[in-house]
$ cat entry-v1.cif   # mmCIF, C-alpha atoms
data_my_file
#
loop_
_atom_site.label_atom_id
_atom_site.label_comp_id
_atom_site.auth_asym_id
_atom_site.auth_seq_id
_atom_site.Cartn_x
_atom_site.Cartn_y
_atom_site.Cartn_z
CA MET A 1 -50.90 -13.27 -70.77
CA ALA A 2 -51.23 -11.35 -67.50
CA THR A 3 -48.37 -9.11 -66.47
CA THR A 4 -47.39 -8.42 -62.88
CA THR A 5 -46.03 -5.15 -61.62
CA GLN A 6 -43.36 -5.31 -58.97
CA HIS A 7 -44.53 -3.62 -55.79
CA LYS A 8 -42.15 -0.95 -54.49
CA PRO A 9 -42.56 -0.11 -50.79
CA LEU A 10 -43.04 3.54 -49.88
CA PRO A 11 -40.24 5.37 -47.99
CA LEU A 12 -40.68 5.20 -44.21
CA PRO A 13 -42.35 8.20 -42.53
CA PHE A 14 -39.88 10.82 -41.24
CA ALA A 15 -40.48 9.93 -37.57
CA TYR A 16 -39.25 6.37 -38.16
CA THR A 17 -36.13 7.33 -40.14
CA PHE A 18 -35.48 9.92 -37.39
CA ALA A 19 -35.66 7.23 -34.67
CA SER A 20 -33.45 4.82 -36.66
CA GLY A 21 -30.78 7.47 -37.18
CA ALA A 22 -30.86 8.55 -33.52
CA LEU A 23 -30.31 5.04 -32.13
CA ALA A 24 -27.65 4.27 -34.76
CA GLY A 25 -25.74 7.47 -33.98
CA CYS A 26 -25.63 6.92 -30.21
CA THR A 27 -24.39 3.35 -30.74
CA GLU A 28 -21.57 4.50 -33.03
CA LEU A 29 -20.54 7.41 -30.79
CA LEU A 30 -20.19 5.37 -27.59
CA ILE A 31 -17.90 2.90 -29.40
CA MET A 32 -15.75 5.36 -31.35
CA TYR A 33 -15.56 8.61 -29.33
CA PRO A 34 -11.91 8.42 -28.10
CA LEU A 35 -10.78 8.54 -31.74
CA ASP A 36 -12.66 11.84 -32.13
CA VAL A 37 -10.74 13.36 -29.20
CA VAL A 38 -7.41 12.30 -30.75
CA LYS A 39 -8.50 13.65 -34.15
CA THR A 40 -9.39 17.07 -32.70
CA ARG A 41 -6.08 17.32 -30.81
CA GLN A 42 -4.14 16.65 -34.01
CA GLN A 43 -6.20 19.14 -36.03
CA LEU A 44 -5.71 21.94 -33.50
CA ALA A 45 -1.91 21.48 -33.47
CA THR A 46 -0.36 24.12 -35.74
CA GLY A 47 3.19 22.78 -35.63
CA LYS A 48 4.40 19.31 -36.50
CA ALA A 49 1.64 16.96 -35.38
CA GLU A 50 2.39 13.79 -33.43
CA GLY A 51 1.13 10.46 -34.76
CA MET A 52 -2.18 8.99 -33.66
CA VAL A 53 -0.70 6.34 -31.33
CA GLN A 54 1.64 8.86 -29.66
CA THR A 55 -1.23 11.30 -29.16
CA PHE A 56 -3.25 8.51 -27.51
CA LYS A 57 -0.31 7.66 -25.22
CA ASP A 58 0.30 11.31 -24.30
CA ILE A 59 -3.34 11.93 -23.38
CA ILE A 60 -3.49 8.81 -21.18
CA ALA A 61 -0.08 9.43 -19.55
CA LYS A 62 -0.49 13.16 -18.89
CA GLU A 63 -4.23 13.61 -18.46
CA GLY A 64 -5.66 10.19 -17.61
CA THR A 65 -7.87 7.76 -19.54
CA SER A 66 -11.04 9.69 -18.66
CA ARG A 67 -9.76 12.58 -20.84
CA LEU A 68 -10.51 10.40 -23.90
CA TYR A 69 -14.19 10.85 -23.06
CA ARG A 70 -13.98 14.53 -22.16
CA GLY A 71 -16.67 16.51 -23.93
CA ILE A 72 -18.77 13.44 -24.77
CA LEU A 73 -21.91 14.89 -23.17
CA SER A 74 -22.26 17.55 -25.87
CA PRO A 75 -21.95 15.15 -28.85
CA LEU A 76 -24.10 12.56 -27.03
CA MET A 77 -26.84 15.17 -26.64
CA MET A 78 -26.24 16.08 -30.28
CA GLU A 79 -25.91 12.55 -31.64
CA ALA A 80 -29.57 11.59 -31.56
CA PRO A 81 -30.80 14.71 -33.41
CA LYS A 82 -27.68 14.80 -35.64
CA ARG A 83 -27.89 11.22 -36.96
CA ALA A 84 -31.65 11.35 -36.95
CA VAL A 85 -31.56 14.48 -39.10
CA LYS A 86 -28.86 12.90 -41.33
CA PHE A 87 -30.93 9.84 -42.21
CA GLY A 88 -34.31 11.55 -41.86
CA ALA A 89 -33.27 14.43 -44.14
CA ASN A 90 -31.67 11.99 -46.59
CA GLY A 91 -35.00 10.13 -46.75
CA TRP A 92 -36.96 13.38 -47.08
CA TRP A 93 -34.75 14.88 -49.80
CA GLY A 94 -34.62 11.50 -51.56
CA ALA A 95 -38.42 11.31 -51.61
CA LEU A 96 -38.57 14.88 -52.91
CA TYR A 97 -36.03 14.34 -55.71
CA THR A 98 -37.57 11.02 -56.81
CA ASP A 99 -41.19 12.17 -56.40
CA ASN A 100 -41.75 9.73 -53.53
CA GLY A 101 -40.12 6.85 -55.37
CA LYS A 102 -41.91 7.36 -58.69
CA ARG A 103 -38.76 8.60 -60.43
CA GLN A 104 -35.74 6.30 -60.81
CA ASN A 105 -32.91 7.10 -58.39
CA THR A 106 -29.51 7.67 -60.00
CA GLN A 107 -25.91 8.15 -58.84
CA ALA A 108 -26.21 11.93 -59.34
CA LEU A 109 -29.47 12.06 -57.38
CA ALA A 110 -27.97 9.95 -54.57
CA ILE A 111 -25.06 12.41 -54.26
CA LEU A 112 -27.37 15.46 -54.43
CA THR A 113 -29.65 13.89 -51.81
CA GLY A 114 -26.68 13.25 -49.50
CA CYS A 115 -25.31 16.79 -49.95
CA SER A 116 -28.75 18.27 -49.21
CA ALA A 117 -29.06 16.10 -46.07
CA GLY A 118 -25.61 17.28 -44.95
CA ALA A 119 -26.55 20.92 -45.44
CA THR A 120 -29.70 20.37 -43.35
CA GLU A 121 -27.71 18.55 -40.65
CA SER A 122 -25.16 21.38 -40.32
CA PHE A 123 -27.80 23.78 -38.95
CA VAL A 124 -28.51 21.37 -36.09
CA VAL A 125 -24.96 20.41 -35.12
CA THR A 126 -22.96 23.67 -35.18
CA PRO A 127 -23.53 24.77 -31.54
CA PHE A 128 -22.85 21.24 -30.23
CA GLU A 129 -19.67 21.01 -32.32
CA LEU A 130 -18.41 24.33 -30.98
CA VAL A 131 -18.95 23.19 -27.38
CA LYS A 132 -17.24 19.85 -28.06
CA ILE A 133 -14.17 21.47 -29.69
CA ARG A 134 -13.67 23.87 -26.79
CA LEU A 135 -13.89 21.02 -24.28
CA GLN A 136 -11.53 18.76 -26.26
CA ASP A 137 -8.82 21.43 -26.63
CA LYS A 138 -5.68 20.50 -24.69
CA SER A 139 -5.61 23.81 -22.80
CA SER A 140 -9.35 23.81 -22.01
CA THR A 141 -10.26 24.67 -18.43
CA PHE A 142 -14.03 24.51 -18.91
CA LYS A 143 -15.71 22.17 -16.43
CA GLY A 144 -18.53 21.10 -18.76
CA PRO A 145 -20.81 22.02 -21.67
CA GLY A 146 -22.90 24.44 -19.59
CA GLU A 147 -19.88 26.55 -18.72
CA VAL A 148 -18.83 26.73 -22.40
CA VAL A 149 -22.33 27.85 -23.45
CA ARG A 150 -22.49 30.52 -20.72
CA HIS A 151 -19.03 31.84 -21.66
CA VAL A 152 -19.85 32.05 -25.38
CA VAL A 153 -23.24 33.72 -24.82
CA ARG A 154 -21.70 36.20 -22.36
CA THR A 155 -18.77 37.15 -24.62
CA ALA A 156 -20.27 36.82 -28.11
CA GLY A 157 -24.04 36.66 -27.67
CA PRO A 158 -26.34 33.74 -28.60
CA LEU A 159 -25.20 33.82 -32.25
CA GLY A 160 -21.67 33.11 -31.02
CA LEU A 161 -22.78 29.49 -30.68
CA TYR A 162 -22.98 29.43 -34.50
CA SER A 163 -19.35 30.44 -34.97
CA GLY A 164 -17.94 28.20 -37.71
CA MET A 165 -21.39 27.60 -39.23
CA GLU A 166 -20.15 28.03 -42.82
CA SER A 167 -17.25 25.57 -42.43
CA THR A 168 -19.59 23.12 -40.68
CA PHE A 169 -21.97 23.43 -43.65
CA TRP A 170 -19.20 22.42 -46.10
CA ARG A 171 -17.92 19.65 -43.83
CA HIS A 172 -21.33 18.00 -43.74
CA TRP A 173 -22.17 18.77 -47.39
CA TRP A 174 -19.09 16.88 -48.63
CA TRP A 175 -19.22 14.01 -46.11
CA ASN A 176 -22.87 13.19 -46.70
CA GLY A 177 -22.53 13.49 -50.48
CA GLY A 178 -19.58 11.09 -50.43
CA TYR A 179 -21.22 8.74 -47.91
CA PHE A 180 -24.64 8.31 -49.48
CA GLY A 181 -23.31 8.53 -53.04
CA SER A 182 -20.82 5.72 -52.32
CA ILE A 183 -23.47 3.57 -50.64
CA TYR A 184 -25.58 3.86 -53.79
CA SER A 185 -22.60 2.78 -55.96
CA MET A 186 -21.58 -0.07 -53.66
CA LYS A 187 -25.09 -1.51 -53.55
CA LYS A 188 -25.06 -1.57 -57.36
CA ILE A 189 -21.63 -3.24 -57.48
CA LEU A 190 -22.01 -5.83 -54.70
CA PRO A 191 -23.69 -9.14 -55.55
CA LYS A 192 -27.31 -9.38 -54.43
CA ALA A 193 -27.50 -10.91 -50.96
CA GLU A 194 -29.27 -14.27 -50.84
CA THR A 195 -29.25 -14.55 -47.04
CA LYS A 196 -29.73 -12.27 -44.03
CA GLN A 197 -26.03 -12.61 -43.22
CA GLY A 198 -25.15 -11.60 -46.78
CA GLU A 199 -27.35 -8.53 -46.48
CA VAL A 200 -25.62 -7.56 -43.22
CA LEU A 201 -22.18 -7.93 -44.84
CA ASN A 202 -23.27 -5.90 -47.87
CA ASN A 203 -24.55 -3.08 -45.64
CA LEU A 204 -21.36 -3.15 -43.56
CA ALA A 205 -19.18 -3.00 -46.70
CA ALA A 206 -21.25 -0.25 -48.35
CA GLY A 207 -21.34 1.85 -45.17
CA THR A 208 -17.62 1.41 -44.51
CA VAL A 209 -16.67 2.47 -48.05
CA GLY A 210 -19.10 5.38 -47.77
CA GLY A 211 -17.53 6.45 -44.47
CA PHE A 212 -14.04 6.30 -46.00
CA VAL A 213 -14.96 8.33 -49.10
CA GLY A 214 -16.84 10.91 -47.02
CA THR A 215 -13.82 11.28 -44.71
CA VAL A 216 -11.36 11.75 -47.59
CA LEU A 217 -13.59 14.49 -49.02
CA ASN A 218 -14.37 16.38 -45.82
CA THR A 219 -11.23 16.20 -43.65
CA PRO A 220 -9.78 19.53 -44.92
CA PHE A 221 -13.08 21.24 -44.06
CA ASP A 222 -13.05 19.56 -40.64
CA VAL A 223 -9.55 20.92 -39.93
CA VAL A 224 -10.72 24.44 -40.78
CA LYS A 225 -13.93 24.03 -38.76
CA SER A 226 -12.06 22.87 -35.65
CA ARG A 227 -9.68 25.84 -35.75
CA LEU A 228 -12.35 28.44 -36.52
CA GLN A 229 -14.62 27.18 -33.76
CA LEU A 230 -11.80 27.26 -31.23
CA LYS A 231 -10.68 30.80 -32.03
CA SER A 232 -13.85 32.33 -33.60
CA THR A 233 -11.79 34.27 -36.15
CA GLY A 234 -14.70 34.67 -38.59
CA GLU A 235 -12.52 33.59 -41.53
CA TRP A 236 -14.27 32.07 -44.57
CA THR A 237 -13.67 28.38 -45.25
CA TYR A 238 -12.08 28.30 -48.70
CA PRO A 239 -9.60 31.17 -48.03
CA ALA A 240 -8.71 29.39 -44.75
CA LEU A 241 -8.02 26.16 -46.67
CA ALA A 242 -5.65 28.05 -49.00
CA ARG A 243 -3.92 29.80 -46.08
CA ILE A 244 -3.30 26.59 -44.12
CA ALA A 245 -1.96 24.84 -47.23
CA ARG A 246 0.34 27.82 -47.93
CA GLU A 247 1.61 28.26 -44.36
CA GLU A 248 1.80 24.63 -43.16
CA GLY A 249 1.79 22.58 -46.36
CA PHE A 250 -1.02 20.63 -48.03
CA SER A 251 -0.64 17.71 -45.59
CA ALA A 252 -1.81 19.98 -42.74
CA LEU A 253 -5.31 19.82 -44.28
CA TYR A 254 -5.31 16.11 -43.45
CA LYS A 255 -4.23 16.36 -39.82
CA GLY A 256 -6.21 13.90 -37.73
CA PHE A 257 -7.08 11.82 -40.81
CA ALA A 258 -5.98 8.46 -39.32
CA PRO A 259 -8.19 8.55 -36.17
CA LYS A 260 -10.99 10.22 -38.16
CA VAL A 261 -11.05 7.53 -40.86
CA LEU A 262 -10.65 4.76 -38.27
CA ARG A 263 -13.74 6.13 -36.58
CA LEU A 264 -15.89 7.09 -39.56
CA ALA A 265 -15.15 4.25 -41.99
CA PRO A 266 -16.22 1.39 -39.69
CA GLY A 267 -18.53 3.86 -37.95
CA GLY A 268 -20.27 4.46 -41.26
CA GLY A 269 -20.74 0.70 -41.54
CA VAL A 270 -22.16 0.48 -38.01
CA LEU A 271 -24.53 3.38 -38.76
CA LEU A 272 -25.90 1.76 -41.89
CA LEU A 273 -26.22 -1.65 -40.21
CA VAL A 274 -28.25 -0.30 -37.30
CA VAL A 275 -30.39 1.96 -39.51
CA GLU A 276 -31.19 -0.87 -41.95
CA ALA A 277 -31.98 -3.30 -39.11
CA LEU A 278 -34.31 -0.82 -37.41
CA SER A 279 -35.91 0.13 -40.74
CA THR A 280 -36.76 -3.55 -41.30
CA VAL A 281 -38.37 -3.74 -37.84
CA PHE A 282 -40.37 -0.54 -38.45
CA ARG A 283 -41.54 -1.73 -41.90
CA SER A 284 -42.77 -4.98 -40.39
CA TYR A 285 -44.56 -3.07 -37.66
CA LEU A 286 -46.23 -0.60 -40.08
CA GLY A 287 -47.09 -3.19 -42.73
CA PRO A 288 -48.27 -2.26 -46.26
CA PRO A 289 -47.55 0.03 -48.10
CA TYR A 290 -44.16 0.12 -46.36
CA LEU A 291 -43.37 -3.58 -46.91
#

$ encode --input "entry-v1.cif" --output "structure tokens"
Amino acid sequence: MATTTQHKPLPLPFAYTFASGALAGCTELLIMYPLDVVKTRQQLATGKAEGMVQTFKDIIAKEGTSRLYRGILSPLMMEAPKRAVKFGANGWWGALYTDNGKRQNTQALAILTGCSAGATESFVVTPFELVKIRLQDKSSTFKGPGEVVRHVVRTAGPLGLYSGMESTFWRHWWWNGGYFGSIYSMKKILPKAETKQGEVLNNLAAGTVGGFVGTVLNTPFDVVKSRLQLKSTGEWTYPALARIAREEGFSALYKGFAPKVLRLAPGGGVLLLVVEALSTVFRSYLGPPYL
């Protein structure tokens, strides 16, 4: 009796995962950016932080609605390469760890792949993050990204743009590990989709859970990153975590969590939806062996 071997499509070439991630990231950013501004304001506050809704109201009342989009140019310029590198690096590391799909993927490999993608991503995003933080600060007088870059280069040299690199590394390491690791688990748990609509819902659920888990894991590192990039103190991440917890209480490490999770949980779902949809289009376009 003849046996049939199930065909497993090859991973998409890097250029296509790069393009999928870029378009997905820009879509998510334009929808969710005001929550990022609120999150940064709460993280930079060293005293008792106001709630998310009150922070929103204060920004609109005192600074105008447009302030909720202040600094968006830097992350928008960053978003395409950032998300592209996130998904492209995840695909590249995944192919490396599974020998281009020949080795069975596991939960541990999915987490390791995500962490490796996050580490790769951090090298791309650090300068853009520094510019964004300095524009989002309540007391910022910078007129735009160009002025921030010129000021940093003039006062600290070109390497000053990489202030906070180590904390950015850990922020992305933990978020990506939690995000992609959770997506792997959720896809195993969720019932197999029988329709296109079911597949969309599964991707949305898996991406949303992944975004939530990643946010829970990386928020303390994000708090440290925001403060170090604003002040350029040169402090190491883990000692800074201990100092903030000692001086302000453990809850201070989760300042800005509400707007951050409201952005990145559904945002994680949106990212995965757009990436999966574009990947399907690209696979159809390329044909075998990618189908």

$ residues_around --input "entry-v1.cif" --residues "Lys255 in chain A" --least-positions-apart "4" --cutoff "9 Å" --atoms "all atoms listed in the file" --output "list in words"
Lys39, Thr40, Gln42, Gln43, Leu44, Ala45, Ala49, Thr219, Pro220, Val223 and Ser251 of chain A

$ resolve_selection --input "entry-v1.cif" --expression "the PyMOL selection byres ((chain A and resi 211) around 8)" --output "ChimeraX atom specification"
/A:175,178-179,207-210,212-215,261,264-269

$ resolve_selection --input "entry-v1.cif" --expression "the PyMOL selection byres ((chain A and resi 10) around 9)" --output "PDB file with C-alpha atoms, in the coordinates of the input"
ATOM      1  CA  LYS A   8     -42.150  -0.950 -54.490  1.00  0.00           C
ATOM      2  CA  PRO A   9     -42.560  -0.110 -50.790  1.00  0.00           C
ATOM      3  CA  PRO A  11     -40.240   5.370 -47.990  1.00  0.00           C
ATOM      4  CA  LEU A  12     -40.680   5.200 -44.210  1.00  0.00           C
ATOM      5  CA  PRO A  13     -42.350   8.200 -42.530  1.00  0.00           C
ATOM      6  CA  ASN A 100     -41.750   9.730 -53.530  1.00  0.00           C
ATOM      7  CA  GLY A 101     -40.120   6.850 -55.370  1.00  0.00           C
ATOM      8  CA  PRO A 288     -48.270  -2.260 -46.260  1.00  0.00           C
ATOM      9  CA  PRO A 289     -47.550   0.030 -48.100  1.00  0.00           C
ATOM     10  CA  TYR A 290     -44.160   0.120 -46.360  1.00  0.00           C
ATOM     11  CA  LEU A 291     -43.370  -3.580 -46.910  1.00  0.00           C
TER      12      LEU A 291
END

$ closest_residue --input "entry-v1.cif" --among "A:Gln54, A:Ser20, A:Val149, A:Thr46" --to "Ala252 in chain A" --atoms "only C-alpha atoms"
A:Thr46

$ residues_around --input "entry-v1.cif" --residues "range 158-166 of chain A" --least-positions-apart "2" --cutoff "7 Å" --atoms "only C-alpha atoms" --output "PyMOL selection string"
chain A and resi 126-127+130+152-153+156+168-170+225+228-229+232+237
